[in-house]
file data-v4.cif (mmCIF, C-alpha atoms)
data_my_file
#
loop_
_atom_site.label_atom_id
_atom_site.label_comp_id
_atom_site.auth_asym_id
_atom_site.auth_seq_id
_atom_site.Cartn_x
_atom_site.Cartn_y
_atom_site.Cartn_z
CA MET P 11 19.04 -0.52 -16.52
CA ARG P 12 16.35 1.17 -18.59
CA ILE P 13 12.72 0.68 -17.69
CA GLN P 14 9.95 1.38 -20.18
CA THR P 15 6.90 3.15 -18.80
CA ARG P 16 3.80 4.56 -20.45
CA ASN P 17 3.70 7.54 -18.09
CA LEU P 18 7.33 8.59 -17.91
CA GLY P 19 8.78 7.11 -21.06
CA GLU P 20 12.12 5.36 -20.70
CA VAL P 21 13.60 5.73 -17.23
CA GLU P 22 17.17 4.96 -16.20
CA ALA P 23 17.26 3.02 -12.92
CA THR P 24 20.41 2.14 -11.01
CA PRO P 25 20.70 -1.09 -8.96
CA GLU P 26 20.46 0.87 -5.68
CA SER P 27 16.91 1.77 -6.66
CA PHE P 28 15.80 -1.83 -7.21
CA LEU P 29 13.20 -3.39 -4.92
CA THR P 30 11.83 -6.89 -4.65
CA LEU P 31 8.21 -7.29 -3.58
CA PRO P 32 7.77 -11.05 -3.18
CA ASP P 33 3.96 -10.69 -2.96
CA GLY P 34 3.68 -7.93 -5.55
CA LEU P 35 1.30 -5.04 -5.06
CA VAL P 36 -2.39 -5.35 -4.23
CA GLY P 37 -4.02 -5.98 -7.61
CA TYR P 38 -0.65 -6.72 -9.23
CA GLU P 39 0.41 -9.83 -7.37
CA GLY P 40 2.50 -11.16 -10.24
CA GLU P 41 4.84 -8.16 -10.39
CA ARG P 42 7.80 -8.69 -8.08
CA GLU P 43 10.67 -6.62 -9.42
CA PHE P 44 10.51 -2.84 -9.18
CA ALA P 45 12.67 0.25 -9.10
CA LEU P 46 11.98 3.28 -6.92
CA VAL P 47 13.17 6.31 -8.85
CA ALA P 48 13.07 10.04 -8.11
CA PRO P 49 13.05 12.14 -11.29
CA ALA P 50 13.79 15.77 -10.31
CA ARG P 51 10.81 17.01 -12.28
CA TYR P 52 8.35 15.30 -9.94
CA ALA P 53 10.15 15.78 -6.61
CA PRO P 54 9.08 15.23 -3.85
CA PHE P 55 7.16 12.40 -5.57
CA GLN P 56 9.04 9.22 -6.32
CA TRP P 57 7.87 6.55 -8.73
CA LEU P 58 7.57 2.85 -8.14
CA LEU P 59 8.15 1.25 -11.55
CA SER P 60 7.55 -2.35 -12.50
CA PHE P 61 10.39 -3.88 -14.51
CA SER P 62 8.01 -5.79 -16.74
CA ASP P 63 4.71 -3.87 -16.92
CA PRO P 64 5.05 -0.43 -18.58
CA GLU P 65 1.55 0.47 -17.32
CA LEU P 66 2.56 0.00 -13.71
CA ALA P 67 4.20 3.22 -12.50
CA LEU P 68 2.90 4.47 -9.17
CA PRO P 69 3.68 7.91 -7.75
CA VAL P 70 4.53 7.65 -4.05
CA LEU P 71 5.47 10.05 -1.28
CA GLU P 72 7.76 9.38 1.60
CA ALA P 73 5.42 8.95 4.58
CA LYS P 74 7.48 11.00 7.01
CA ARG P 75 7.31 13.98 4.66
CA ALA P 76 3.68 13.66 3.61
CA VAL P 77 2.17 12.76 7.00
CA PRO P 78 4.76 13.39 9.74
CA ASP P 79 2.72 11.84 12.57
CA TYR P 80 2.07 8.60 10.68
CA ALA P 81 3.45 5.69 12.69
CA PRO P 82 1.45 2.50 12.19
CA ALA P 83 2.24 -0.65 14.15
CA TRP P 84 3.57 -3.42 11.90
CA SER P 85 2.18 -6.87 12.51
CA ASN P 86 4.40 -9.88 13.16
CA ALA P 87 3.40 -11.20 9.76
CA ASP P 88 4.64 -8.03 8.06
CA ARG P 89 7.88 -7.96 10.04
CA HIS P 90 8.42 -11.60 9.19
CA ALA P 91 7.82 -10.96 5.48
CA LEU P 92 10.33 -8.11 5.53
CA GLY P 93 12.94 -10.05 7.48
CA ALA P 94 11.90 -9.37 11.10
CA VAL P 95 13.39 -5.92 11.33
CA GLU P 96 13.21 -2.93 13.66
CA SER P 97 11.01 -0.06 12.51
CA ASP P 98 13.97 2.28 12.03
CA ALA P 99 15.37 -0.07 9.37
CA LEU P 100 12.27 0.52 7.28
CA ASP P 101 11.37 3.28 4.85
CA VAL P 102 7.68 3.89 4.33
CA TYR P 103 6.06 5.22 1.16
CA LEU P 104 2.45 6.10 0.46
CA VAL P 105 0.72 5.66 -2.90
CA ALA P 106 -0.48 9.07 -4.09
CA ASN P 107 -3.55 9.99 -6.11
CA VAL P 108 -4.73 13.32 -7.41
CA ASP P 109 -8.39 13.21 -6.52
CA GLU P 110 -10.30 16.37 -7.29
CA ALA P 111 -13.46 14.96 -5.71
CA ARG P 112 -11.62 14.66 -2.40
CA GLY P 113 -10.13 18.12 -2.74
CA GLY P 114 -6.68 17.44 -4.10
CA LEU P 115 -3.85 15.08 -3.37
CA THR P 116 -4.57 11.92 -1.40
CA VAL P 117 -2.30 9.21 -0.04
CA ASN P 118 -3.17 5.68 0.96
CA LEU P 119 -2.45 5.34 4.68
CA ARG P 120 -4.10 1.91 4.85
CA ALA P 121 -1.69 0.15 2.50
CA PRO P 122 1.79 1.69 2.76
CA ILE P 123 4.74 0.36 0.79
CA VAL P 124 7.34 -0.62 3.34
CA VAL P 125 10.95 -1.06 2.28
CA HIS P 126 13.73 -2.75 4.22
CA ARG P 127 16.42 -0.19 3.49
CA ALA P 128 19.36 -2.59 3.66
CA THR P 129 18.01 -5.64 1.79
CA ARG P 130 15.67 -3.76 -0.59
CA LEU P 131 12.94 -6.24 0.25
CA ALA P 132 9.56 -4.51 0.20
CA ARG P 133 5.88 -5.14 0.71
CA GLN P 134 2.58 -3.35 0.37
CA VAL P 135 1.34 -3.81 3.90
CA VAL P 136 -2.42 -3.83 4.44
CA LEU P 137 -3.09 -2.47 7.92
CA SER P 138 -6.01 -3.89 9.82
CA ASP P 139 -6.58 -0.62 11.69
CA GLY P 140 -9.60 0.95 9.98
CA ARG P 141 -8.66 4.45 11.17
CA TYR P 142 -6.08 4.65 8.39
CA ALA P 143 -7.81 6.08 5.34
CA ILE P 144 -7.24 4.81 1.82
CA ASP P 145 -7.69 8.37 0.54
CA HIS P 146 -6.18 10.64 3.16
CA VAL P 147 -6.02 14.23 1.90
CA VAL P 148 -2.51 15.70 2.18
CA GLY P 149 -2.39 19.22 3.60
CA GLY P 150 -5.36 21.57 3.54
CA LYS P 151 -8.17 21.58 6.02
CA HIS P 152 -8.99 17.87 5.76
CA SER P 153 -5.64 16.70 7.04
CA GLU P 154 -6.76 14.80 10.11
CA THR P 155 -5.28 11.30 10.06
CA THR P 156 -8.19 9.61 11.73
CA GLN P 157 -10.99 9.42 9.27
CA LYS P 158 -14.08 7.36 9.39
CA ALA P 159 -13.29 3.66 9.33
CA ALA P 160 -14.13 1.79 6.14
CA MET N 4 -18.28 -23.52 -4.29
CA LEU N 5 -18.08 -25.78 -1.27
CA VAL N 6 -20.80 -24.93 1.25
CA LEU N 7 -20.45 -26.06 4.88
CA GLY N 8 -22.79 -25.47 7.81
CA ARG N 9 -21.05 -24.72 11.12
CA ARG N 10 -22.16 -23.76 14.63
CA THR N 11 -20.51 -21.47 17.14
CA GLY N 12 -17.25 -23.02 18.35
CA GLU N 13 -16.88 -25.27 15.33
CA ASN N 14 -13.98 -24.95 12.89
CA ILE N 15 -13.04 -25.34 9.28
CA ARG N 16 -9.60 -26.52 8.21
CA ILE N 17 -8.11 -25.35 4.93
CA GLY N 18 -5.07 -27.43 4.10
CA ASP N 19 -2.62 -28.26 6.87
CA ASP N 20 -2.16 -24.88 8.36
CA ILE N 21 -5.25 -22.67 8.04
CA LYS N 22 -8.06 -22.84 10.56
CA VAL N 23 -11.26 -20.78 10.53
CA ILE N 24 -13.15 -20.71 13.81
CA VAL N 25 -16.77 -19.60 14.19
CA LEU N 26 -16.65 -17.46 17.34
CA GLU N 27 -20.06 -15.86 17.39
CA VAL N 28 -23.22 -15.66 15.29
CA ARG N 29 -25.61 -12.88 16.14
CA GLY N 30 -28.15 -10.76 14.27
CA GLY N 31 -26.98 -11.48 10.75
CA GLN N 32 -23.34 -11.04 11.67
CA ILE N 33 -20.74 -13.71 12.13
CA LYS N 34 -17.47 -13.32 13.99
CA LEU N 35 -14.66 -15.51 12.68
CA GLY N 36 -11.25 -16.29 14.07
CA ILE N 37 -8.60 -17.15 11.51
CA GLU N 38 -5.35 -18.93 12.22
CA ALA N 39 -2.97 -18.92 9.28
CA PRO N 40 0.78 -18.97 8.70
CA LEU N 41 2.47 -15.56 8.76
CA HIS N 42 2.95 -15.51 5.00
CA VAL N 43 -0.77 -15.83 4.30
CA GLN N 44 -2.43 -12.41 4.11
CA VAL N 45 -5.98 -12.27 5.47
CA HIS N 46 -8.13 -9.23 4.71
CA ARG N 47 -11.74 -8.20 4.44
CA GLU N 48 -12.53 -8.44 0.76
CA GLU N 49 -13.94 -4.93 0.37
CA ILE N 50 -10.78 -3.40 1.86
CA TYR N 51 -8.65 -5.40 -0.51
CA GLU N 52 -10.79 -4.27 -3.46
CA ARG N 53 -10.60 -0.60 -2.47
CA ILE N 54 -6.82 -0.77 -2.19
CA GLN N 55 -6.66 -2.52 -5.54
CA ARG N 56 -8.76 0.26 -7.12
CA GLN N 57 -6.58 2.92 -5.52
CA ASN N 58 -3.40 1.29 -6.85
CA ARG N 59 -4.90 0.99 -10.34
CA ARG N 60 -6.04 4.57 -10.26
CA ALA N 61 -2.61 5.79 -9.14
CA ALA N 62 -1.03 3.90 -12.04
CA ALA N 63 -3.55 5.30 -14.52
CA GLN N 64 -3.17 8.99 -13.68
CA ALA N 65 -1.38 11.19 -16.16
CA PRO N 66 1.90 12.69 -14.93
CA ALA N 67 0.53 16.12 -15.92
CA ASP N 68 -2.11 15.73 -13.20
CA LEU N 69 0.66 15.41 -10.65
CA GLU N 70 2.36 18.61 -11.65
CA GLU N 71 -0.07 20.83 -9.78
CA ALA N 72 0.41 18.60 -6.72
CA VAL N 73 4.18 18.91 -7.13
CA ARG N 74 3.88 22.71 -7.14
CA LEU N 75 1.66 22.72 -4.04
CA LEU N 76 3.92 20.38 -2.08
CA ARG N 77 6.98 22.46 -2.86
CA THR N 78 5.18 25.65 -1.80
CA ASN N 79 4.11 24.02 1.47
CA GLU N 80 7.62 22.84 2.23
CA GLN N 81 9.07 26.28 1.65
CA SER N 82 6.61 27.95 4.01
#
call {"tool": "encode", "arguments": {"input": "data-v4.cif", "output": "C-alpha coordinates"}}
result
Amino acid sequence: MRIQTRNLGEVEATPESFLTLPDGLVGYEGEREFALVAPARYAPFQWLLSFSDPELALPVLEAKRAVPDYAPAWSNADRHALGAVESDALDVYLVANVDEARGGLTVNLRAPIVVHRATRLARQVVLSDGRYAIDHVVGGKHSETTQKAA
Amino acid sequence: MLVLGRRTGENIRIGDDIKVIVLEVRGGQIKLGIEAPLHVQVHREEIYERIQRQNRRAAAQAPADLEEAVRLLRTNEQS
(Lines of atoms letter the chains of each structure in order from A and count residues from 1; the text may use other names and numbers.)
(Lines give C-alpha, C1' and ligand atoms only; values in the text may rest on other atoms or scores of the structure.)
Protein backbone atom coordinates (compact mmCIF):
# COMPACT_ATOMS: atom_id res chain seq x y z
CA MET A 1 0.00 0.00 0.00
CA ARG A 2 1.17 3.51 -0.79
CA ILE A 3 0.74 6.25 1.78
CA GLN A 4 0.86 9.91 0.82
CA THR A 5 2.75 12.18 3.17
CA ARG A 6 3.71 15.83 2.99
CA ASN A 7 7.08 15.20 4.63
CA LEU A 8 8.28 12.04 2.92
CA GLY A 9 6.26 12.03 -0.28
CA GLU A 10 4.74 8.72 -1.27
CA VAL A 11 5.81 5.87 0.99
CA GLU A 12 5.38 2.16 0.32
CA ALA A 13 4.11 0.34 3.42
CA THR A 14 3.71 -3.41 3.72
CA PRO A 15 0.95 -4.99 5.87
CA GLU A 16 3.49 -6.04 8.53
CA SER A 17 4.07 -2.36 9.22
CA PHE A 18 0.39 -1.56 9.81
CA LEU A 19 -0.78 -0.50 13.27
CA THR A 20 -4.22 0.16 14.68
CA LEU A 21 -4.53 2.81 17.38
CA PRO A 22 -8.16 2.57 18.52
CA ASP A 23 -7.89 5.86 20.44
CA GLY A 24 -5.69 7.63 17.90
CA LEU A 25 -2.85 9.85 19.01
CA VAL A 26 -3.12 12.69 21.51
CA GLY A 27 -4.44 15.59 19.45
CA TYR A 28 -5.35 13.28 16.56
CA GLU A 29 -8.01 11.11 18.16
CA GLY A 30 -9.80 10.43 14.89
CA GLU A 31 -6.80 8.79 13.19
CA ARG A 32 -6.78 5.06 13.87
CA GLU A 33 -4.90 3.40 11.04
CA PHE A 34 -1.16 3.88 10.75
CA ALA A 35 1.96 2.31 9.33
CA LEU A 36 5.33 2.29 11.08
CA VAL A 37 7.97 2.48 8.38
CA ALA A 38 11.77 2.68 8.50
CA PRO A 39 13.22 4.41 5.42
CA ALA A 40 16.99 3.74 5.37
CA ARG A 41 17.73 7.41 4.88
CA TYR A 42 16.41 8.31 8.33
CA ALA A 43 17.59 5.26 10.30
CA PRO A 44 17.54 4.87 13.29
CA PHE A 45 14.37 7.01 13.12
CA GLN A 46 11.17 5.32 12.08
CA TRP A 47 8.04 7.13 10.95
CA LEU A 48 4.52 6.68 12.16
CA LEU A 49 2.32 7.53 9.18
CA SER A 50 -1.42 8.07 9.18
CA PHE A 51 -3.20 6.30 6.34
CA SER A 52 -5.58 9.19 5.82
CA ASP A 53 -3.85 12.40 6.92
CA PRO A 54 -0.79 13.28 4.79
CA GLU A 55 0.22 15.90 7.40
CA LEU A 56 0.49 13.30 10.13
CA ALA A 57 3.94 11.69 9.91
CA LEU A 58 5.76 11.46 13.23
CA PRO A 59 9.43 10.54 13.57
CA VAL A 60 9.91 8.06 16.42
CA LEU A 61 12.83 6.26 18.01
CA GLU A 62 12.80 2.84 19.54
CA ALA A 63 12.87 3.49 23.29
CA LYS A 64 15.41 0.81 24.12
CA ARG A 65 17.88 2.39 21.70
CA ALA A 66 17.25 6.03 22.55
CA VAL A 67 16.96 5.71 26.34
CA PRO A 68 18.19 2.25 27.40
CA ASP A 69 17.15 2.56 31.06
CA TYR A 70 13.59 3.61 30.23
CA ALA A 71 11.16 1.12 31.77
CA PRO A 72 7.86 2.74 32.76
CA ALA A 73 5.18 0.76 34.57
CA TRP A 74 2.08 0.29 32.42
CA SER A 75 -1.24 0.82 34.14
CA ASN A 76 -3.99 -1.79 34.11
CA ALA A 77 -5.97 0.49 31.83
CA ASP A 78 -3.15 0.55 29.29
CA ARG A 79 -2.59 -3.20 29.47
CA HIS A 80 -6.30 -3.73 29.03
CA ALA A 81 -6.41 -1.43 26.00
CA LEU A 82 -3.52 -3.32 24.41
CA GLY A 83 -4.95 -6.74 25.18
CA ALA A 84 -3.63 -7.40 28.71
CA VAL A 85 -0.15 -8.40 27.67
CA GLU A 86 3.22 -8.95 29.32
CA SER A 87 5.74 -6.14 28.93
CA ASP A 88 8.04 -8.25 26.75
CA ALA A 89 5.28 -8.55 24.15
CA LEU A 90 5.35 -4.79 23.70
CA ASP A 91 7.56 -2.56 21.59
CA VAL A 92 7.94 1.01 22.78
CA TYR A 93 8.58 4.05 20.59
CA LEU A 94 9.18 7.65 21.55
CA VAL A 95 8.05 10.66 19.52
CA ALA A 96 11.13 12.67 18.53
CA ASN A 97 11.53 16.41 18.08
CA VAL A 98 14.51 18.44 16.99
CA ASP A 99 14.45 21.25 19.51
CA GLU A 100 17.34 23.67 19.26
CA ALA A 101 16.15 25.55 22.33
CA ARG A 102 16.55 22.39 24.39
CA GLY A 103 19.93 21.64 22.86
CA GLY A 104 19.12 19.14 20.16
CA LEU A 105 17.04 16.03 19.82
CA THR A 106 14.29 15.38 22.35
CA VAL A 107 11.98 12.44 22.88
CA ASN A 108 8.67 12.33 24.70
CA LEU A 109 9.07 9.95 27.65
CA ARG A 110 5.70 10.91 29.09
CA ALA A 111 3.60 9.65 26.19
CA PRO A 112 5.27 6.66 24.54
CA ILE A 113 3.70 4.79 21.64
CA VAL A 114 3.31 1.22 22.78
CA VAL A 115 2.79 -1.54 20.22
CA HIS A 116 1.60 -5.07 20.86
CA ARG A 117 4.07 -6.80 18.56
CA ALA A 118 1.85 -9.76 17.69
CA THR A 119 -1.54 -8.08 17.17
CA ARG A 120 -0.24 -4.70 15.92
CA LEU A 121 -2.61 -2.98 18.32
CA ALA A 122 -1.03 0.23 19.61
CA ARG A 123 -1.68 3.16 21.87
CA GLN A 124 -0.10 6.45 22.86
CA VAL A 125 0.08 5.86 26.58
CA VAL A 126 0.03 8.93 28.83
CA LEU A 127 2.02 8.09 31.95
CA SER A 128 0.88 9.63 35.20
CA ASP A 129 4.43 9.67 36.59
CA GLY A 130 5.55 13.30 36.29
CA ARG A 131 9.24 12.35 36.34
CA TYR A 132 8.99 11.37 32.68
CA ALA A 133 9.74 14.46 30.63
CA ILE A 134 7.84 15.41 27.50
CA ASP A 135 11.08 16.82 26.06
CA HIS A 136 13.86 14.56 27.27
CA VAL A 137 17.14 15.43 25.55
CA VAL A 138 18.75 12.39 23.92
CA GLY A 139 22.49 12.05 24.55
CA GLY A 140 24.67 14.98 25.54
CA LYS A 141 25.07 16.32 29.02
CA HIS A 142 21.35 16.72 29.75
CA SER A 143 20.57 13.04 29.46
CA GLU A 144 19.25 12.40 32.94
CA THR A 145 15.86 10.70 32.74
CA THR A 146 14.42 12.29 35.82
CA GLN A 147 13.66 15.86 35.03
CA LYS A 148 11.57 18.28 36.91
CA ALA A 149 7.95 17.17 37.05
CA ALA A 150 5.47 19.15 34.97
CA MET B 1 -21.49 24.53 31.74
CA LEU B 2 -23.12 22.71 34.61
CA VAL B 3 -21.90 24.05 37.95
CA LEU B 4 -22.29 21.95 41.12
CA GLY B 5 -21.24 22.75 44.67
CA ARG B 6 -19.81 19.78 46.61
CA ARG B 7 -18.23 19.27 50.03
CA THR B 8 -15.45 16.95 51.09
CA GLY B 9 -16.62 13.34 50.84
CA GLU B 10 -19.40 14.12 48.38
CA ASN B 11 -19.46 12.72 44.85
CA ILE B 12 -20.50 13.49 41.33
CA ARG B 13 -21.74 10.81 38.96
CA ILE B 14 -21.17 11.14 35.23
CA GLY B 15 -23.26 8.59 33.40
CA ASP B 16 -23.47 5.07 34.77
CA ASP B 17 -19.85 4.39 35.33
CA ILE B 18 -17.85 7.52 36.17
CA LYS B 19 -17.63 8.82 39.72
CA VAL B 20 -15.72 11.91 40.88
CA ILE B 21 -15.09 12.07 44.60
CA VAL B 22 -14.05 15.22 46.48
CA LEU B 23 -11.35 13.94 48.82
CA GLU B 24 -9.88 17.11 50.23
CA VAL B 25 -10.20 20.87 49.87
CA ARG B 26 -7.39 22.93 51.31
CA GLY B 27 -5.76 26.28 50.56
CA GLY B 28 -7.10 26.77 47.05
CA GLN B 29 -6.36 23.20 46.07
CA ILE B 30 -8.81 20.37 45.65
CA LYS B 31 -7.96 16.69 45.67
CA LEU B 32 -10.25 14.54 43.54
CA GLY B 33 -10.64 10.81 43.26
CA ILE B 34 -11.89 9.55 39.93
CA GLU B 35 -13.39 6.14 39.28
CA ALA B 36 -13.86 5.40 35.60
CA PRO B 37 -13.88 2.35 33.34
CA LEU B 38 -10.48 1.24 32.07
CA HIS B 39 -11.13 2.54 28.57
CA VAL B 40 -11.70 6.10 29.76
CA GLN B 41 -8.45 8.06 29.86
CA VAL B 42 -8.16 10.58 32.70
CA HIS B 43 -5.40 13.19 32.58
CA ARG B 44 -4.57 16.62 33.89
CA GLU B 45 -5.54 18.97 31.10
CA GLU B 46 -2.21 20.81 30.89
CA ILE B 47 -0.32 17.53 30.46
CA TYR B 48 -2.66 16.50 27.71
CA GLU B 49 -2.19 19.87 25.98
CA ARG B 50 1.60 19.69 26.19
CA ILE B 51 1.62 16.21 24.67
CA GLN B 52 -0.74 17.38 21.96
CA ARG B 53 1.62 20.29 21.15
CA GLN B 54 4.61 17.96 21.10
CA ASN B 55 2.86 15.57 18.70
CA ARG B 56 1.85 18.45 16.42
CA ARG B 57 5.33 19.85 16.48
CA ALA B 58 6.87 16.46 15.65
CA ALA B 59 4.51 16.17 12.67
CA ALA B 60 5.33 19.69 11.50
CA GLN B 61 9.12 19.42 11.48
CA ALA B 62 10.86 19.23 8.14
CA PRO B 63 12.68 15.96 7.43
CA ALA B 64 15.80 18.03 6.69
CA ASP B 65 15.85 19.07 10.37
CA LEU B 66 16.12 15.42 11.31
CA GLU B 67 19.13 14.76 9.16
CA GLU B 68 21.58 16.33 11.59
CA ALA B 69 20.00 14.23 14.37
CA VAL B 70 20.35 11.13 12.18
CA ARG B 71 24.07 11.86 11.73
CA LEU B 72 24.60 12.40 15.47
CA LEU B 73 22.75 9.23 16.47
CA ARG B 74 24.75 7.14 14.03
CA THR B 75 28.01 8.63 15.30
CA ASN B 76 27.01 7.88 18.90
CA GLU B 77 26.12 4.30 18.09
CA GLN B 78 29.43 3.69 16.38
CA SER B 79 31.44 4.98 19.32
call {"tool": "residues_around", "arguments": {"input": "data-v4.cif", "residues": "N:Lys22", "least_positions_apart": "3", "cutoff": "12 Å", "atoms": "all atoms listed in the file", "output": "short mmCIF file (atom, residue, chain, number, x, y, z; two decimals) with C-alpha atoms, in the frame of the given file"}}
result
data_model
loop_
_atom_site.label_atom_id
_atom_site.label_comp_id
_atom_site.auth_asym_id
_atom_site.auth_seq_id
_atom_site.Cartn_x
_atom_site.Cartn_y
_atom_site.Cartn_z
CA GLU N 13 -16.88 -25.27 15.33
CA ASN N 14 -13.98 -24.95 12.89
CA ILE N 15 -13.04 -25.34 9.28
CA ARG N 16 -9.60 -26.52 8.21
CA ILE N 17 -8.11 -25.35 4.93
CA GLY N 18 -5.07 -27.43 4.10
CA ASP N 19 -2.62 -28.26 6.87
CA VAL N 25 -16.77 -19.60 14.19
CA LEU N 35 -14.66 -15.51 12.68
CA GLY N 36 -11.25 -16.29 14.07
CA ILE N 37 -8.60 -17.15 11.51
CA GLU N 38 -5.35 -18.93 12.22
CA ALA N 39 -2.97 -18.92 9.28
CA PRO N 40 0.78 -18.97 8.70
CA VAL N 43 -0.77 -15.83 4.30
CA VAL N 45 -5.98 -12.27 5.47
#
call {"tool": "resolve_selection", "arguments": {"input": "data-v4.cif", "expression": "the PyMOL selection byres ((chain N and resi 64) around 10)", "output": "list in words"}}
result
Asn17, Ala67, Leu68, Pro69, Ala106, Asn107, Val108 and Asp109 of chain P; Arg59, Arg60, Ala61, Ala62, Ala63, Ala65, Pro66, Ala67, Asp68 and Leu69 of chain N
call {"tool": "closest_residue", "arguments": {"input": "data-v4.cif", "among": "P:Val36, P:Ala83, P:Val70, P:Leu115", "to": "P:Gly149", "atoms": "only C-alpha atoms"}}
result
P:Leu115
call {"tool": "atom_distance", "arguments": {"input": "data-v4.cif", "atom1": "atom CA of P:His90", "atom2": "atom CA of P:Arg133"}}
result
11.0 Å
call {"tool": "atom_distance", "arguments": {"input": "data-v4.cif", "atom1": "atom CA of N:Gln81", "atom2": "atom CA of P:Ala48"}}
result
19.4 Å
call {"tool": "resolve_selection", "arguments": {"input": "data-v4.cif", "expression": "the PyMOL selection byres ((chain P and resi 96) around 12)", "output": "NGL selection string"}}
result
:P and (83-86 or 88-90 or 92-95 or 97-101 or 125-128)
call {"tool": "atom_distance", "arguments": {"input": "data-v4.cif", "atom1": "atom CA of P:Tyr52", "atom2": "atom CA of N:Arg56"}}
result
23.0 Å
call {"tool": "closest_residue", "arguments": {"input": "data-v4.cif", "among": "P:Leu131, P:Leu31, P:Ala143, P:Leu59", "to": "P:Tyr80", "atoms": "only C-alpha atoms"}}
result
P:Ala143
call {"tool": "closest_residue", "arguments": {"input": "data-v4.cif", "among": "P:Ala81, P:Val21, P:Ala121, P:Ala76", "to": "P:Leu137", "atoms": "all atoms listed in the file"}}
result
P:Ala121
call {"tool": "resolve_selection", "arguments": {"input": "data-v4.cif", "expression": "the PyMOL selection byres ((chain N and resi 11) around 7)", "output": "list in words"}}
result
Arg9, Arg10, Gly12, Glu13, Val25, Leu26, Glu27 and Val28 of chain N
call {"tool": "residues_around", "arguments": {"input": "data-v4.cif", "residues": "P:Ala53", "least_positions_apart": "2", "cutoff": "9 Å", "atoms": "all atoms listed in the file", "output": "ChimeraX atom specification"}}
result
/P:48-51,55-56 /N:73,76-77
call {"tool": "closest_residue", "arguments": {"input": "data-v4.cif", "among": "P:Gly114, P:Thr129, P:Val77, P:Arg141", "to": "P:Glu26", "atoms": "all atoms listed in the file"}}
result
P:Thr129
call {"tool": "axis_aligned_box", "arguments": {"input": "data-v4.cif", "around": "stretch 91-110 of chain P", "padding_each_side": "6 Å", "output": "lines of an AutoDock Vina configuration file"}}
result
center_x = 2.5
center_y = 2.7
center_z = 3.1
size_x = 37.7
size_y = 39.3
size_z = 33.1
